[in-house]
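coords.cif, holding mmCIF, C-alpha atoms:
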data_final
#
loop_
_atom_site.group_PDB
_atom_site.id
_atom_site.type_symbol
_atom_site.label_atom_id
_atom_site.label_comp_id
_atom_site.auth_asym_id
_atom_site.auth_seq_id
_atom_site.Cartn_x
_atom_site.Cartn_y
_atom_site.Cartn_z
ATOM 1 C CA MET A 1 -20.786 -12.785 6.605
ATOM 2 C CA TRP A 2 -22.850 -10.207 4.689
ATOM 3 C CA SER A 3 -24.653 -9.284 7.898
ATOM 4 C CA MET A 4 -21.442 -7.571 8.979
ATOM 5 C CA LEU A 5 -22.087 -4.870 6.367
ATOM 6 C CA THR A 6 -25.262 -3.856 8.174
ATOM 7 C CA GLU A 7 -23.355 -3.125 11.378
ATOM 8 C CA SER A 8 -22.924 0.573 12.033
ATOM 9 C CA ASN A 9 -19.264 0.344 13.057
ATOM 10 C CA THR A 10 -18.354 -1.656 9.920
ATOM 11 C CA GLN A 11 -20.038 0.927 7.703
ATOM 12 C CA TRP A 12 -18.197 3.763 9.414
ATOM 13 C CA VAL A 13 -14.875 1.925 9.078
ATOM 14 C CA LEU A 14 -15.493 1.358 5.350
ATOM 15 C CA PHE A 15 -16.442 5.010 4.848
ATOM 16 C CA SER A 16 -13.397 6.240 6.758
ATOM 17 C CA THR A 17 -10.955 4.044 4.797
ATOM 18 C CA MET A 18 -12.550 5.243 1.570
ATOM 19 C CA ILE A 19 -12.019 8.885 2.589
ATOM 20 C CA LEU A 20 -8.496 7.990 3.760
ATOM 21 C CA GLY A 21 -7.779 6.469 0.334
ATOM 22 C CA ILE A 22 -9.059 9.600 -1.409
ATOM 23 C CA ALA A 23 -6.931 11.850 0.810
ATOM 24 C CA ALA A 24 -3.864 9.627 0.323
ATOM 25 C CA GLY A 25 -4.322 9.571 -3.444
ATOM 26 C CA ALA A 26 -4.712 13.351 -3.588
ATOM 27 C CA ILE A 27 -1.730 14.306 -1.428
ATOM 28 C CA GLY A 28 0.252 11.487 -3.045
ATOM 29 C CA CYS A 29 -0.397 13.144 -6.411
ATOM 30 C CA ILE A 30 1.206 16.350 -5.115
ATOM 31 C CA ALA A 31 4.161 14.356 -3.753
ATOM 32 C CA TYR A 32 4.484 12.688 -7.180
ATOM 33 C CA TRP A 33 4.825 16.022 -8.975
ATOM 34 C CA LYS A 34 7.264 17.263 -6.339
ATOM 35 C CA LYS A 35 9.318 14.121 -7.048
ATOM 36 C CA GLN A 36 9.132 13.252 -3.355
ATOM 37 C CA SER A 37 7.377 9.886 -3.396
ATOM 38 C CA LEU A 38 10.137 8.465 -1.190
ATOM 39 C CA MET A 39 9.328 11.163 1.374
ATOM 40 C CA SER A 40 6.017 9.383 2.032
ATOM 41 C CA ASP A 41 7.832 6.157 2.839
ATOM 42 C CA SER A 42 10.399 7.915 5.030
ATOM 43 C CA LEU A 43 7.866 9.817 7.121
ATOM 44 C CA ALA A 44 5.634 6.745 7.487
ATOM 45 C CA HIS A 45 8.497 4.789 9.011
ATOM 46 C CA ALA A 46 9.595 7.827 11.024
ATOM 47 C CA SER A 47 6.198 7.920 12.764
ATOM 48 C CA LEU A 48 6.637 4.552 14.520
ATOM 49 C CA PRO A 49 8.870 5.788 17.400
ATOM 50 C CA GLY A 50 6.325 8.498 18.228
ATOM 51 C CA ILE A 51 3.513 5.932 18.463
ATOM 52 C CA VAL A 52 5.420 3.710 20.862
ATOM 53 C CA ILE A 53 6.762 6.593 22.983
ATOM 54 C CA ALA A 54 3.232 8.015 23.321
ATOM 55 C CA PHE A 55 1.966 4.583 24.388
ATOM 56 C CA LEU A 56 4.735 4.145 26.955
ATOM 57 C CA LEU A 57 4.058 7.592 28.415
ATOM 58 C CA LEU A 58 0.267 7.209 28.512
ATOM 59 C CA GLY A 59 -0.007 3.503 29.219
ATOM 60 C CA GLU A 60 -3.058 3.156 26.969
ATOM 61 C CA LYS A 61 -3.922 2.815 23.293
ATOM 62 C CA ASN A 62 -5.694 6.105 22.667
ATOM 63 C CA PHE A 63 -5.799 6.598 18.898
ATOM 64 C CA LEU A 64 -5.903 10.405 18.978
ATOM 65 C CA LEU A 65 -2.967 10.695 21.377
ATOM 66 C CA LEU A 66 -0.967 8.023 19.558
ATOM 67 C CA THR A 67 -1.675 9.925 16.326
ATOM 68 C CA ILE A 68 -0.264 13.087 17.894
ATOM 69 C CA GLY A 69 2.846 11.155 18.940
ATOM 70 C CA ALA A 70 3.207 9.753 15.420
ATOM 71 C CA ALA A 71 2.782 13.234 13.912
ATOM 72 C CA ILE A 72 5.470 14.737 16.153
ATOM 73 C CA SER A 73 7.890 11.933 15.297
ATOM 74 C CA ALA A 74 7.202 12.230 11.553
ATOM 75 C CA LEU A 75 7.581 16.017 11.635
ATOM 76 C CA VAL A 76 10.900 15.638 13.436
ATOM 77 C CA GLY A 77 11.983 13.320 10.632
ATOM 78 C CA ALA A 78 10.822 15.822 7.974
ATOM 79 C CA VAL A 79 12.604 18.752 9.640
ATOM 80 C CA PHE A 80 15.750 16.649 10.067
ATOM 81 C CA ILE A 81 15.733 15.755 6.362
ATOM 82 C CA GLN A 82 15.344 19.392 5.288
ATOM 83 C CA TRP A 83 17.986 20.619 7.743
ATOM 84 C CA VAL A 84 20.610 18.079 6.652
ATOM 85 C CA ILE A 85 20.149 18.575 2.894
ATOM 86 C CA SER A 86 20.264 22.368 3.295
ATOM 87 C CA THR A 87 23.451 22.366 5.384
ATOM 88 C CA THR A 88 25.435 19.460 3.928
ATOM 89 C CA ARG A 89 26.165 17.835 0.574
ATOM 90 C CA ILE A 90 24.028 14.804 1.345
ATOM 91 C CA THR A 91 21.356 14.377 -1.348
ATOM 92 C CA GLU A 92 17.645 14.344 -0.543
ATOM 93 C CA ASP A 93 17.019 10.710 -1.509
ATOM 94 C CA THR A 94 20.001 9.563 0.562
ATOM 95 C CA MET A 95 18.758 11.456 3.593
ATOM 96 C CA MET A 96 15.266 10.057 3.177
ATOM 97 C CA GLY A 97 16.703 6.545 3.148
ATOM 98 C CA ILE A 98 18.715 7.252 6.299
ATOM 99 C CA VAL A 99 15.703 8.644 8.187
ATOM 100 C CA LEU A 100 13.545 5.727 7.030
ATOM 101 C CA SER A 101 15.920 3.069 8.336
ATOM 102 C CA VAL A 102 17.093 4.825 11.518
ATOM 103 C CA PHE A 103 13.642 5.894 12.747
ATOM 104 C CA TYR A 104 12.055 2.566 11.871
ATOM 105 C CA GLY A 105 14.852 0.669 13.628
ATOM 106 C CA LEU A 106 14.353 2.851 16.696
ATOM 107 C CA GLY A 107 10.602 2.256 16.530
ATOM 108 C CA ILE A 108 10.990 -1.541 16.383
ATOM 109 C CA MET A 109 13.407 -1.421 19.330
ATOM 110 C CA LEU A 110 10.930 0.636 21.384
ATOM 111 C CA LEU A 111 8.059 -1.626 20.319
ATOM 112 C CA THR A 112 9.957 -4.666 21.583
ATOM 113 C CA ILE A 113 10.481 -2.929 24.928
ATOM 114 C CA ALA A 114 6.800 -1.917 25.081
ATOM 115 C CA ASN A 115 5.671 -5.483 24.366
ATOM 116 C CA ARG A 116 7.858 -6.834 27.163
ATOM 117 C CA VAL A 117 7.326 -4.311 29.924
ATOM 118 C CA GLY A 118 4.457 -2.041 28.913
ATOM 119 C CA GLY A 119 1.723 -4.409 27.778
ATOM 120 C CA GLY A 120 1.998 -3.266 24.171
ATOM 121 C CA GLU A 121 1.366 -6.726 22.792
ATOM 122 C CA GLN A 122 -1.829 -7.144 24.818
ATOM 123 C CA SER A 123 -3.089 -3.720 23.716
ATOM 124 C CA GLY A 124 -2.673 -4.592 20.020
ATOM 125 C CA LEU A 125 0.130 -2.121 19.407
ATOM 126 C CA ASP A 126 1.592 -4.495 16.806
ATOM 127 C CA THR A 127 -1.388 -3.785 14.524
ATOM 128 C CA PHE A 128 0.226 -0.449 13.678
ATOM 129 C CA ILE A 129 2.854 -2.349 11.657
ATOM 130 C CA VAL A 130 0.532 -3.879 9.027
ATOM 131 C CA GLY A 131 -2.762 -2.191 9.878
ATOM 132 C CA GLN A 132 -6.039 -3.547 11.209
ATOM 133 C CA ALA A 133 -9.082 -1.459 10.321
ATOM 134 C CA ALA A 134 -11.478 -3.938 11.931
ATOM 135 C CA ALA A 135 -9.916 -3.182 15.323
ATOM 136 C CA MET A 136 -10.876 0.484 15.112
ATOM 137 C CA VAL A 137 -13.562 1.761 17.460
ATOM 138 C CA TYR A 138 -16.017 4.572 16.781
ATOM 139 C CA THR A 139 -13.792 7.313 18.241
ATOM 140 C CA ASP A 140 -10.849 6.119 16.118
ATOM 141 C CA VAL A 141 -13.033 6.256 13.011
ATOM 142 C CA ILE A 142 -14.244 9.797 13.744
ATOM 143 C CA THR A 143 -10.668 10.987 14.312
ATOM 144 C CA MET A 144 -9.468 9.449 11.048
ATOM 145 C CA LEU A 145 -12.483 10.695 9.112
ATOM 146 C CA SER A 146 -12.228 14.270 10.390
ATOM 147 C CA LEU A 147 -8.529 14.635 9.634
ATOM 148 C CA ALA A 148 -8.811 12.955 6.209
ATOM 149 C CA ILE A 149 -11.625 15.334 5.222
ATOM 150 C CA ALA A 150 -9.495 18.254 6.430
ATOM 151 C CA VAL A 151 -6.649 17.144 4.121
ATOM 152 C CA ILE A 152 -9.030 16.842 1.162
ATOM 153 C CA LEU A 153 -10.434 20.327 1.840
ATOM 154 C CA ILE A 154 -6.919 21.804 2.000
ATOM 155 C CA ILE A 155 -6.214 20.420 -1.476
ATOM 156 C CA VAL A 156 -9.601 21.279 -3.004
ATOM 157 C CA VAL A 157 -9.870 24.825 -1.617
ATOM 158 C CA GLY A 158 -6.287 25.661 -2.555
ATOM 159 C CA PHE A 159 -6.251 23.857 -5.922
ATOM 160 C CA LYS A 160 -5.158 26.955 -7.868
ATOM 161 C CA GLU A 161 -2.348 27.651 -5.400
ATOM 162 C CA TRP A 162 -1.186 24.038 -5.450
ATOM 163 C CA LYS A 163 -1.079 24.080 -9.233
ATOM 164 C CA ILE A 164 1.136 27.164 -9.575
ATOM 165 C CA TYR A 165 3.214 26.068 -6.570
ATOM 166 C CA LEU A 166 4.037 22.774 -8.303
ATOM 167 C CA PHE A 167 4.459 23.892 -11.915
ATOM 168 C CA ASP A 168 5.533 27.543 -11.785
ATOM 169 C CA PRO A 169 7.072 28.472 -8.415
ATOM 170 C CA GLN A 170 8.579 31.678 -9.837
ATOM 171 C CA PHE A 171 5.142 32.886 -10.939
ATOM 172 C CA ALA A 172 3.747 31.838 -7.547
ATOM 173 C CA ARG A 173 6.361 33.950 -5.798
ATOM 174 C CA GLY A 174 5.538 36.875 -8.079
ATOM 175 C CA GLU A 175 1.861 36.521 -7.160
ATOM 176 C CA GLY A 176 2.781 36.853 -3.490
ATOM 177 C CA LEU A 177 2.351 33.177 -2.662
ATOM 178 C CA SER A 178 4.799 32.115 0.039
ATOM 179 C CA LEU A 179 6.650 28.989 -1.062
ATOM 180 C CA THR A 180 7.769 28.445 2.533
ATOM 181 C CA PHE A 181 4.142 28.424 3.644
ATOM 182 C CA MET A 182 3.163 26.045 0.830
ATOM 183 C CA ASN A 183 6.047 23.715 1.672
ATOM 184 C CA GLY A 184 4.958 23.714 5.303
ATOM 185 C CA LEU A 185 1.311 23.096 4.375
ATOM 186 C CA TYR A 186 2.326 20.255 2.049
ATOM 187 C CA THR A 187 4.430 18.620 4.758
ATOM 188 C CA LEU A 188 1.635 19.017 7.320
ATOM 189 C CA ALA A 189 -0.973 17.499 4.971
ATOM 190 C CA LEU A 190 1.372 14.628 4.059
ATOM 191 C CA VAL A 191 2.213 13.862 7.695
ATOM 192 C CA THR A 192 -1.467 14.055 8.701
ATOM 193 C CA THR A 193 -2.467 11.589 5.993
ATOM 194 C CA ILE A 194 0.305 9.215 6.998
ATOM 195 C CA VAL A 195 -0.419 9.191 10.731
ATOM 196 C CA ILE A 196 -4.204 8.794 10.406
ATOM 197 C CA GLY A 197 -3.727 5.893 8.005
ATOM 198 C CA ILE A 198 -1.298 3.969 10.164
ATOM 199 C CA GLN A 199 -3.881 2.012 12.177
ATOM 200 C CA ALA A 200 -5.844 1.053 9.060
ATOM 201 C CA VAL A 201 -3.000 0.419 6.602
ATOM 202 C CA GLY A 202 0.089 0.133 8.805
ATOM 203 C CA VAL A 203 3.415 1.947 9.086
ATOM 204 C CA ILE A 204 5.063 -0.147 6.388
ATOM 205 C CA LEU A 205 2.308 -0.013 3.769
ATOM 206 C CA ILE A 206 0.709 3.440 4.131
ATOM 207 C CA ALA A 207 3.372 4.774 1.755
ATOM 208 C CA ALA A 208 2.067 2.432 -0.954
ATOM 209 C CA LEU A 209 -1.373 4.068 -0.701
ATOM 210 C CA LEU A 210 0.327 7.417 -1.272
ATOM 211 C CA ILE A 211 2.536 6.282 -4.165
ATOM 212 C CA ILE A 212 0.605 3.721 -6.236
ATOM 213 C CA PRO A 213 -2.663 5.635 -6.994
ATOM 214 C CA PRO A 214 -0.969 8.701 -8.550
ATOM 215 C CA VAL A 215 1.335 6.516 -10.646
ATOM 216 C CA SER A 216 -1.717 4.564 -11.839
ATOM 217 C CA ALA A 217 -3.572 7.795 -12.642
ATOM 218 C CA ARG A 218 -0.633 9.040 -14.709
ATOM 219 C CA TYR A 219 -1.318 6.319 -17.282
ATOM 220 C CA TRP A 220 -4.777 7.771 -17.969
ATOM 221 C CA THR A 221 -4.213 11.516 -18.260
ATOM 222 C CA GLN A 222 -1.675 14.278 -18.803
ATOM 223 C CA TYR A 223 -3.689 16.895 -16.913
ATOM 224 C CA PHE A 224 -3.017 17.628 -13.241
ATOM 225 C CA LYS A 225 -6.673 18.144 -12.262
ATOM 226 C CA MET A 226 -7.827 14.882 -13.836
ATOM 227 C CA MET A 227 -4.831 13.052 -12.392
ATOM 228 C CA LEU A 228 -5.715 14.384 -8.937
ATOM 229 C CA LEU A 229 -9.300 13.135 -9.293
ATOM 230 C CA LEU A 230 -8.286 9.722 -10.641
ATOM 231 C CA SER A 231 -5.620 9.279 -7.982
ATOM 232 C CA GLY A 232 -8.178 9.991 -5.265
ATOM 233 C CA LEU A 233 -10.651 7.606 -6.930
ATOM 234 C CA PHE A 234 -8.097 4.778 -7.131
ATOM 235 C CA GLY A 235 -7.085 5.349 -3.514
ATOM 236 C CA GLY A 236 -10.722 5.295 -2.372
ATOM 237 C CA ILE A 237 -11.457 2.078 -4.276
ATOM 238 C CA ALA A 238 -8.371 0.385 -2.829
ATOM 239 C CA GLY A 239 -9.326 1.492 0.686
ATOM 240 C CA VAL A 240 -12.886 0.184 0.494
ATOM 241 C CA ILE A 241 -12.214 -3.154 -1.224
ATOM 242 C CA GLY A 242 -9.107 -3.898 0.868
ATOM 243 C CA THR A 243 -11.017 -3.191 4.074
ATOM 244 C CA LEU A 244 -13.941 -5.350 2.931
ATOM 245 C CA ILE A 245 -11.662 -8.332 2.308
ATOM 246 C CA SER A 246 -9.970 -7.802 5.673
ATOM 247 C CA THR A 247 -13.323 -7.546 7.470
ATOM 248 C CA PHE A 248 -14.739 -10.696 5.880
ATOM 249 C CA GLY A 249 -11.496 -12.482 6.686
ATOM 250 C CA SER A 250 -12.154 -12.119 10.425
ATOM 251 C CA GLY A 251 -9.117 -10.243 11.645
ATOM 252 C CA LEU A 252 -6.867 -10.386 8.588
ATOM 253 C CA PRO A 253 -4.461 -7.409 8.356
ATOM 254 C CA THR A 254 -5.947 -4.598 6.300
ATOM 255 C CA GLY A 255 -2.811 -2.990 4.874
ATOM 256 C CA PRO A 256 -1.674 -5.842 2.615
ATOM 257 C CA PHE A 257 -5.118 -6.194 1.021
ATOM 258 C CA ILE A 258 -5.415 -2.462 0.362
ATOM 259 C CA VAL A 259 -1.999 -2.510 -1.295
ATOM 260 C CA VAL A 260 -2.899 -5.584 -3.371
ATOM 261 C CA ILE A 261 -6.035 -3.835 -4.677
ATOM 262 C CA ALA A 262 -4.057 -0.655 -5.386
ATOM 263 C CA THR A 263 -1.455 -2.739 -7.227
ATOM 264 C CA THR A 264 -4.189 -4.453 -9.261
ATOM 265 C CA LEU A 265 -5.455 -1.026 -10.351
ATOM 266 C CA PHE A 266 -1.882 -0.098 -11.259
ATOM 267 C CA VAL A 267 -1.442 -3.214 -13.426
ATOM 268 C CA ILE A 268 -4.733 -2.473 -15.203
ATOM 269 C CA SER A 269 -3.590 1.108 -15.783
ATOM 270 C CA LEU A 270 -0.175 -0.044 -16.943
ATOM 271 C CA ILE A 271 -1.704 -2.290 -19.573
ATOM 272 C CA PHE A 272 -4.825 -0.412 -20.675
ATOM 273 C CA GLY A 273 -4.024 3.214 -19.790
ATOM 274 C CA LYS A 274 -4.502 5.561 -22.743
ATOM 275 C CA GLU A 275 -1.334 7.517 -21.902
ATOM 276 C CA LYS A 276 1.511 5.183 -22.838
ATOM 277 C CA GLY A 277 -0.124 2.043 -21.513
ATOM 278 C CA ILE A 278 1.446 -1.172 -22.830
ATOM 279 C CA LEU A 279 -1.552 -2.047 -25.033
ATOM 280 C CA ILE A 280 -1.870 1.463 -26.484
ATOM 281 C CA ASN A 281 1.878 1.596 -27.160
ATOM 282 C CA TYR A 282 1.701 -1.771 -28.896
ATOM 283 C CA ILE A 283 -1.248 -0.683 -31.066
ATOM 284 C CA GLN A 284 0.453 2.598 -31.949
ATOM 285 C CA PHE A 285 3.646 0.730 -32.819
ATOM 286 C CA LYS A 286 1.760 -1.662 -35.101
ATOM 287 C CA VAL A 287 -0.132 1.184 -36.798
ATOM 288 C CA HIS A 288 3.116 3.108 -37.314
ATOM 289 C CA GLN A 289 4.854 -0.009 -38.638
ATOM 290 C CA LYS A 290 1.982 -0.649 -41.064
ATOM 291 C CA GLN A 291 2.098 2.963 -42.269
ATOM 292 C CA VAL A 292 5.858 2.744 -42.827
ATOM 293 C CA ASN A 293 5.413 -0.453 -44.825
ATOM 294 C CA LEU A 294 2.692 1.170 -46.959
ATOM 295 C CA ASN A 295 4.908 4.199 -47.604
ATOM 296 C CA GLN A 296 7.772 1.946 -48.630
ATOM 297 C CA LEU A 297 5.517 0.038 -51.048
ATOM 298 C CA GLU A 298 4.282 3.309 -52.577
ATOM 299 C CA GLU A 299 7.845 4.554 -53.009
ATOM 300 C CA ARG A 300 8.818 1.311 -54.747
ATOM 301 C CA GLY A 301 5.800 1.539 -57.049
ATOM 302 C CA GLU A 302 6.625 5.126 -58.018
ATOM 303 C CA SER A 303 10.264 4.263 -58.678
ATOM 304 C CA ARG A 304 9.188 1.651 -61.219
#
Translate the structure described by the file into structure tokens.
Amino acid sequence: MWSMLTESNTQWVLFSTMILGIAAGAIGCIAYWKKQSLMSDSLAHASLPGIVIAFLLLGEKNFLLLTIGAAISALVGAVFIQWVISTTRITEDTMMGIVLSVFYGLGIMLLTIANRVGGGEQSGLDTFIVGQAAAMVYTDVITMLSLAIAVILIIVVGFKEWKIYLFDPQFARGEGLSLTFMNGLYTLALVTTIVIGIQAVGVILIAALLIIPPVSARYWTQYFKMMLLLSGLFGGIAGVIGTLISTFGSGLPTGPFIVVIATTLFVISLIFGKEKGILINYIQFKVHQKQVNLNQLEERGESR
């Protein structure tokens, strides 16, 4: 079992899922502060029709081309959401829910057709639902790794711009920073992270890798920079450990294990986090209660 870790392809897969987790945690942190965590889920589900359509047109499971198909489909979903909420009275969360269900339903319908007439089942197209990192070949790994690093660089290089874009858009506009450009860059980075993570984590669960790490990080810090770093760290840990369990399990789906590890980190953060974690809150409550009792005793003693 441990000999698998010495294999070059396994090492590359582990490294790529770690970088994917870091990228997902980082861009997920930005989505968290934009209050658009549901957008991650919507666009992840919206990418499924593009994957299947690309497969039906090409007749082969080429990860790069399927990724392009997924990206186009997800971007269509993102543009549709923005167009509807800007021209109607439908709220953003409602529209996200509509896109999530409609696009995913369409994707499942197309996947059923592909499995029956296009050989999708034989090609392993179903692995895009729950993810299967072990099925990735070297070219898939390089594609995922390159795009994930590109997302990380976009966030790191433009950290100052991201910060003022999120917390002071009026100041950003005054500094000449185009909010339209930043919105477009954010959407592009989010979609890229989603589509490259689909084969490893799956359409259904990639959103969890974008949502859970930043929420976990929030229990440890109040500062955006530290939250960004912790979110990336939690995402990377979940990616590596989840992939390891999947690899040792000989073909077990990767996505569920990555999400379970991410959830474990969340529970630890929820309990032990220094920023309003359950344990810290309980200790602070007890200390406050003890201080109140002492004050009351002192007041009674003085009154006598």
Give me the residues near segment 267-269 of chain A as a VMD selection string, where near means some atom within 8 Å (using all atoms listed in the file) and where sequence neighbours in that chain fewer than 5 positions away do not count. chain A and resid 216 to 217 219 to 220 277
Which polymer residues have any atom within 7 Å of an atom of segment 238-241 of chain A, counting only C-alpha atoms, with same-chain residues fewer than 2 positions away left out, as a compact mmCIF listing (two decimals) with C-alpha atoms, in the frame of the given file?
# COMPACT_ATOMS: atom_id res chain seq x y z
CA LEU A 14 -15.49 1.36 5.35
CA THR A 17 -10.96 4.04 4.80
CA MET A 18 -12.55 5.24 1.57
CA GLY A 21 -7.78 6.47 0.33
CA PHE A 234 -8.10 4.78 -7.13
CA GLY A 235 -7.08 5.35 -3.51
CA GLY A 236 -10.72 5.30 -2.37
CA THR A 243 -11.02 -3.19 4.07
CA LEU A 244 -13.94 -5.35 2.93
CA ILE A 245 -11.66 -8.33 2.31
CA ILE A 258 -5.42 -2.46 0.36
CA ILE A 261 -6.04 -3.84 -4.68
CA ALA A 262 -4.06 -0.66 -5.39
* Check what the PyMOL selection byres ((chain A and resi 211) around 10) selects in the file above and give those residues as JSON, numbers by chain. => {"A": [24, 25, 27, 28, 29, 31, 32, 36, 37, 38, 40, 41, 206, 207, 208, 209, 210, 212, 213, 214, 215, 216, 231, 235, 262]}
Within 8 Å of segment 187-196 of chain A, counting all atoms listed in the file, which residues qualify if same-chain residues fewer than 5 places away don't, as a PDB file with C-alpha atoms, keeping the file's coordinate frame?
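Generated file (result-v4.pdb):
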ATOM      1  CA  LEU A  20      -8.496   7.990   3.760  1.00  0.00           C
ATOM      2  CA  ALA A  23      -6.931  11.850   0.810  1.00  0.00           C
ATOM      3  CA  ALA A  24      -3.864   9.627   0.323  1.00  0.00           C
ATOM      4  CA  ILE A  27      -1.730  14.306  -1.428  1.00  0.00           C
ATOM      5  CA  GLY A  28       0.252  11.487  -3.045  1.00  0.00           C
ATOM      6  CA  SER A  40       6.017   9.383   2.032  1.00  0.00           C
ATOM      7  CA  LEU A  43       7.866   9.817   7.121  1.00  0.00           C
ATOM      8  CA  ALA A  44       5.634   6.745   7.487  1.00  0.00           C
ATOM      9  CA  SER A  47       6.198   7.920  12.764  1.00  0.00           C
ATOM     10  CA  THR A  67      -1.675   9.925  16.326  1.00  0.00           C
ATOM     11  CA  ALA A  70       3.207   9.753  15.420  1.00  0.00           C
ATOM     12  CA  ALA A  71       2.782  13.234  13.912  1.00  0.00           C
ATOM     13  CA  ALA A  74       7.202  12.230  11.553  1.00  0.00           C
ATOM     14  CA  LEU A  75       7.581  16.017  11.635  1.00  0.00           C
ATOM     15  CA  ALA A  78      10.822  15.822   7.974  1.00  0.00           C
ATOM     16  CA  THR A 143     -10.668  10.987  14.312  1.00  0.00           C
ATOM     17  CA  MET A 144      -9.468   9.449  11.048  1.00  0.00           C
ATOM     18  CA  LEU A 147      -8.529  14.635   9.634  1.00  0.00           C
ATOM     19  CA  ALA A 148      -8.811  12.955   6.209  1.00  0.00           C
ATOM     20  CA  VAL A 151      -6.649  17.144   4.121  1.00  0.00           C
ATOM     21  CA  ILE A 154      -6.919  21.804   2.000  1.00  0.00           C
ATOM     22  CA  ILE A 206       0.709   3.440   4.131  1.00  0.00           C
ATOM     23  CA  ALA A 207       3.372   4.774   1.755  1.00  0.00           C
TER      24      ALA A 207
END
When the PyMOL selection byres ((chain A and resi 52) around 10) is applied to the structure above, which residues does it catch, written out as a ChimeraX atom specification? /A:47-51,53-59,61,66,69-70,106-115,118,120,125-126,128
- Query: atom CA of Gln222 of chain A and atom CA of Gln289 of chain A, how far apart in Å?
  - Reply: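 Straight-line distance from atom CA of Gln289 of chain A to atom CA of Gln222 of chain A works out to 25.3 Å.
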* Interatomic distance between atom CA of Leu229 of chain A and atom CA of Gly158 of chain A? ->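 Calculated distance between atom CA of Leu229 of chain A and atom CA of Gly158 of chain A is 14.5 Å.
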Straight-line distance linking atom CA of Ile129 of chain A with atom CA of Val259 of chain A, stated in Å to one decimal
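Spanning atom CA of Ile129 of chain A to atom CA of Val259 of chain A is a straight-line distance of 13.8 Å.
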From the list A:Ser86, A:Asn293, A:Thr247, A:Gln284, the nearest residue to Ala133 of chain A using all atoms listed in the file is A:Thr247
TODO: With a distance cut-off of 8 Å and all atoms listed in the file, select the neighbouring residues of Glu161 of chain A, excluding the residue or stretch itself and same-chain residues fewer than 3 positions from it, and output the selection as a list in words.
DONE: Gly158, Ile164, Tyr165, Ala172 and Leu177 of chain A
Counting only C-alpha atoms, closest pick from A:Phe248, A:Leu205, A:Asn295, A:Tyr186 relative to Ile152 of chain A is A:Tyr186
task = Could you tell me which of A:Leu145, A:Ile98, A:Val13, A:Leu185 comes closest to Thr254 of chain A if we count only C-alpha atoms?
result =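 Among A:Leu145, A:Ile98, A:Val13, A:Leu185, it is A:Val13 that comes nearest to Thr254 of chain A.
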Exercise for review: Please provide as a ChimeraX atom specification all residues within 6 Å of Ala200 of chain A, with the sequence filter that same-chain residues fewer than 3 positions apart are discarded (counting only C-alpha atoms).
Suggested key: /A:131-133,197
Find the axis-aligned box for segment 269-280 of chain A, covering all its listed atoms and adding 4 Å on each side, and write its centre and edge lengths in Å to one decimal as lines of an AutoDock Vina configuration file.
center_x = -1.7
center_y = 2.6
center_z = -21.1
size_x = 14.3
size_y = 17.8
size_z = 18.7
Could you list the residues chosen by the PyMOL selection byres ((chain A and resi 163) around 12) in this structure as a JSON list (two decimals) with C-alpha atoms, keeping the file's coordinate frame?
[["chain", "number", "residue", "atom", "x", "y", "z"],
["A", 29, "CYS", "CA", -0.40, 13.14, -6.41],
["A", 30, "ILE", "CA", 1.21, 16.35, -5.12],
["A", 33, "TRP", "CA", 4.82, 16.02, -8.98],
["A", 34, "LYS", "CA", 7.26, 17.26, -6.34],
["A", 155, "ILE", "CA", -6.21, 20.42, -1.48],
["A", 156, "VAL", "CA", -9.60, 21.28, -3.00],
["A", 157, "VAL", "CA", -9.87, 24.82, -1.62],
["A", 158, "GLY", "CA", -6.29, 25.66, -2.56],
["A", 159, "PHE", "CA", -6.25, 23.86, -5.92],
["A", 160, "LYS", "CA", -5.16, 26.96, -7.87],
["A", 161, "GLU", "CA", -2.35, 27.65, -5.40],
["A", 162, "TRP", "CA", -1.19, 24.04, -5.45],
["A", 164, "ILE", "CA", 1.14, 27.16, -9.57],
["A", 165, "TYR", "CA", 3.21, 26.07, -6.57],
["A", 166, "LEU", "CA", 4.04, 22.77, -8.30],
["A", 167, "PHE", "CA", 4.46, 23.89, -11.92],
["A", 168, "ASP", "CA", 5.53, 27.54, -11.78],
["A", 169, "PRO", "CA", 7.07, 28.47, -8.41],
["A", 171, "PHE", "CA", 5.14, 32.89, -10.94],
["A", 172, "ALA", "CA", 3.75, 31.84, -7.55],
["A", 177, "LEU", "CA", 2.35, 33.18, -2.66],
["A", 182, "MET", "CA", 3.16, 26.04, 0.83],
["A", 223, "TYR", "CA", -3.69, 16.90, -16.91],
["A", 224, "PHE", "CA", -3.02, 17.63, -13.24],
["A", 225, "LYS", "CA", -6.67, 18.14, -12.26],
["A", 228, "LEU", "CA", -5.72, 14.38, -8.94]]
Taking all atoms listed in the file into account, name the residue in A:Ile278, A:Ala46, A:Ile198, A:Leu179 that is nearest to Leu100 of chain A.
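For Leu100 of chain A, the nearest of the candidates is A:Ala46.
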